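One structure is given below, encoded as C-alpha cells.
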Amino acid sequence: MVEVVTEVKAPVARCFDLARDIDLHVRSMADTGERAVAGKTSGLIGQGEEVTWEGRHLGVKQRFTSRITGFDPPRHFRDEMVRGAFKSFVHDHHFEARGGRTTMRDVVRFESPVGFAGRLVDSLFMAGYLRRLLARRSAAIKDAAEQESGRG
C-alpha cells in the first residue's frame, strides 16, 4: 500500500474535480509521455467510466485501463485497474474540507504478478516509484487548485 497526503488551500469541490481531470493528469505526467488513448480521453471522468492510459514507465511502454467504481462527490472516488501489468491496482482518492482548505489523501493498494518475486519488487522498488508518481500528481492538483482559488 502507498499513501500520499496533501494539504491544499482551496475548496474541496475544486480539488475533487481537478483530481478526476484527465487533461491535468496528462500534463502532470508529461515526462512519462502518458496520454489517454481510449475510453474517456478528456475532461472530467465519472462513475462507471473507463480510461486507457499509455505511457513509458520504468523504461517500458505500458497500457493501463481503469474504471471509476466508486463515486461520492466531493469526498471520494475510486479507480480500479481492469487491464494492465499489475495483478491488482485500486486507487482511492479521499477529500476532506477543513475551513476553506482541503486534505487530499491518495491510497493505492497494488500487487504485481508473479507471486513472491512480485511481492519483493513491490516492497523494494514499486512502492517508492508509485509514491513519487502520486506526489507529483498531487503537487500538480495543489498548484492548479491554489492558482484558481487565488483568482477568485
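By convention here, the chains of the C-alpha cells are called A, B, ... in the order presented, each chain's residues are numbered starting at 1, and ligands are numbered starting at 1 in the order presented.
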
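Residues in contact range of A:Val121, defined as at most 12 Å between only C-alpha atoms, with sequence neighbours fewer than 5 positions away removed, read Phe86, Phe110, Glu111, Ser112, Pro113, Val114, Gly115, Phe116, Met126, Ala127, Gly128 and Tyr129 of chain A.
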
Save out the residues we just selected, C-alpha atoms, as a compact mmCIF listing (two decimals), in the first residue's frame.
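Generated file (again-v1.txt):
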```txt
# COMPACT_ATOMS: atom_id res chain seq x y z
CA PHE A 86 -0.49 -5.36 -12.16
CA PHE A 110 -1.48 -2.84 -5.57
CA GLU A 111 0.02 -6.21 -6.25
CA SER A 112 2.43 -7.15 -9.00
CA PRO A 113 2.09 -10.52 -10.71
CA VAL A 114 4.45 -13.49 -10.23
CA GLY A 115 4.00 -14.34 -6.56
CA PHE A 116 6.96 -13.95 -4.24
CA MET A 126 7.42 -0.34 -6.88
CA ALA A 127 6.02 1.28 -3.72
CA GLY A 128 8.60 4.08 -3.92
CA TYR A 129 8.04 4.59 -7.63
```

Next on the checklist: Please compute the atom CA of A:Arg67-atom CA of A:Ala10 distance, one decimal, in Å.
Outcome noted: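 Between these atoms lies a distance of 26.7 Å.
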
Item to check | Among listed residues A:Glu54, A:Gly118, A:His93, A:Ser123, nearest A:Thr6 (using only C-alpha atoms) | outcome: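 Residue with the minimum atom-to-atom distance to A:Thr6: A:His93.
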
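Distances here use only C-alpha atoms; by that measure, the residue among A:Ala36, A:Ala117, A:Val107, A:Ile22 closest to A:Ala135 is A:Val107.
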
Next on the checklist: Quick one: residues within 12 Å of A:Gln147, only C-alpha atoms, excluding same-chain residues fewer than 4 positions away - as a list of chain:residue names?
Outcome noted: A:Val8, A:Lys9, A:Ala10, A:Pro11, A:Arg14, A:Cys15, A:Ala140, A:Ile141, A:Lys142, A:Asp143, A:Arg151, A:Gly152

With C-alpha atoms retained, write the just-selected residues as an mmCIF file, in the first residue's frame.
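Final output, again-v4.cif:
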```cif
data_model
loop_
_atom_site.group_PDB
_atom_site.id
_atom_site.type_symbol
_atom_site.label_atom_id
_atom_site.label_comp_id
_atom_site.auth_asym_id
_atom_site.auth_seq_id
_atom_site.Cartn_x
_atom_site.Cartn_y
_atom_site.Cartn_z
ATOM 1 C CA VAL A 8 -4.433 22.374 -0.335
ATOM 2 C CA LYS A 9 -5.582 25.967 0.190
ATOM 3 C CA ALA A 10 -8.668 25.546 -1.987
ATOM 4 C CA PRO A 11 -12.265 24.333 -1.723
ATOM 5 C CA ARG A 14 -12.282 22.200 -6.788
ATOM 6 C CA CYS A 15 -9.731 19.629 -5.601
ATOM 7 C CA ALA A 140 0.033 19.426 -9.828
ATOM 8 C CA ILE A 141 -3.505 19.297 -8.406
ATOM 9 C CA LYS A 142 -2.462 21.515 -5.482
ATOM 10 C CA ASP A 143 -0.830 24.078 -7.808
ATOM 11 C CA ARG A 151 -8.046 34.351 -8.830
ATOM 12 C CA GLY A 152 -11.467 34.034 -7.177
#
```

Checklist outcome for this item: As a check of understanding: the span from atom CA of A:Thr65 to atom CA of A:Arg83 is 5.0 Å

Checklist entry - How many Å separate atom CA of A:Asp23 from atom CA of A:Gly84? => result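 About the pair atom CA of A:Asp23 and atom CA of A:Gly84: they are 20.8 Å apart.
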
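Within stretch 97-136 of chain A, DSSP run on the backbone puts these residues in strand (DSSP E or B): Ala97, Arg98, Arg101, Thr102, Thr103, Met104, Arg105, Asp106, Val107, Val108, Arg109, Phe110 and Glu111 of chain A.
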
Produce a file of the selected residues containing N, CA and C atoms, as an mmCIF file, in the first residue's frame.
```cif
data_model
loop_
_atom_site.group_PDB
_atom_site.id
_atom_site.type_symbol
_atom_site.label_atom_id
_atom_site.label_comp_id
_atom_site.auth_asym_id
_atom_site.auth_seq_id
_atom_site.Cartn_x
_atom_site.Cartn_y
_atom_site.Cartn_z
ATOM 1 N N ALA A 97 -12.814 18.542 3.633
ATOM 2 C CA ALA A 97 -12.823 20.001 3.770
ATOM 3 C C ALA A 97 -12.541 20.372 5.217
ATOM 4 N N ARG A 98 -11.672 21.379 5.390
ATOM 5 C CA ARG A 98 -11.338 21.880 6.729
ATOM 6 C C ARG A 98 -11.141 23.386 6.654
ATOM 7 N N ARG A 101 -9.894 24.884 3.405
ATOM 8 C CA ARG A 101 -8.757 24.099 2.923
ATOM 9 C C ARG A 101 -9.244 22.677 2.652
ATOM 10 N N THR A 102 -8.426 21.926 1.961
ATOM 11 C CA THR A 102 -8.770 20.539 1.656
ATOM 12 C C THR A 102 -7.579 19.645 1.956
ATOM 13 N N THR A 103 -7.869 18.529 2.612
ATOM 14 C CA THR A 103 -6.868 17.478 2.771
ATOM 15 C C THR A 103 -7.168 16.409 1.728
ATOM 16 N N MET A 104 -6.221 16.195 0.828
ATOM 17 C CA MET A 104 -6.351 15.129 -0.177
ATOM 18 C C MET A 104 -5.517 13.952 0.314
ATOM 19 N N ARG A 105 -6.121 12.776 0.265
ATOM 20 C CA ARG A 105 -5.394 11.565 0.669
ATOM 21 C C ARG A 105 -5.570 10.520 -0.417
ATOM 22 N N ASP A 106 -4.473 10.154 -1.036
ATOM 23 C CA ASP A 106 -4.457 9.107 -2.066
ATOM 24 C C ASP A 106 -3.950 7.827 -1.419
ATOM 25 N N VAL A 107 -4.706 6.749 -1.594
ATOM 26 C CA VAL A 107 -4.309 5.442 -1.074
ATOM 27 C C VAL A 107 -4.355 4.451 -2.242
ATOM 28 N N VAL A 108 -3.224 3.839 -2.537
ATOM 29 C CA VAL A 108 -3.141 2.854 -3.612
ATOM 30 C C VAL A 108 -2.782 1.507 -3.004
ATOM 31 N N ARG A 109 -3.611 0.533 -3.308
ATOM 32 C CA ARG A 109 -3.328 -0.859 -2.944
ATOM 33 C C ARG A 109 -3.046 -1.579 -4.256
ATOM 34 N N PHE A 110 -1.897 -2.221 -4.317
ATOM 35 C CA PHE A 110 -1.480 -2.843 -5.572
ATOM 36 C C PHE A 110 -0.756 -4.140 -5.294
ATOM 37 N N GLU A 111 -0.728 -4.962 -6.324
ATOM 38 C CA GLU A 111 0.021 -6.207 -6.249
ATOM 39 C C GLU A 111 0.533 -6.531 -7.645
#
```

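The list of residues with at least one atom within 12 Å of A:Val60, based on only C-alpha atoms and without residues fewer than 2 positions apart in the same chain, reads Thr32, Gly33, Glu34, Glu54, Gly55, Arg56, His57, Leu58, Gln62, Arg63 and Ala85 of chain A.
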
Checklist entry - Which of these, A:Ala30, A:Ile45, A:Arg78, A:Val4, has the shortest distance to A:Leu18 once you count only C-alpha atoms? => result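 Comparing A:Ala30, A:Ile45, A:Arg78, A:Val4 against A:Leu18, the winner is A:Ile45.
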
Item to check | Shortest interatomic distance to A:Leu24 - which of A:Arg137, A:Arg131, A:Lys61, A:Lys87, counting only C-alpha atoms | outcome: A:Arg137

Next on the checklist: If you run DSSP on the backbone here, which positions in stretch 22-118 of chain A get helix (DSSP H, G or I)? Please write them as a VMD selection string.
Outcome noted: chain A and resid 22 to 28 30 to 32 115 to 118

Next on the checklist: Under the rule that only C-alpha atoms are counted, which of A:Thr52, A:Gly46, A:Thr69, A:Val2 is the nearest residue to A:Val26?
Outcome noted: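 For A:Val26, the nearest of the given residues is A:Thr52.
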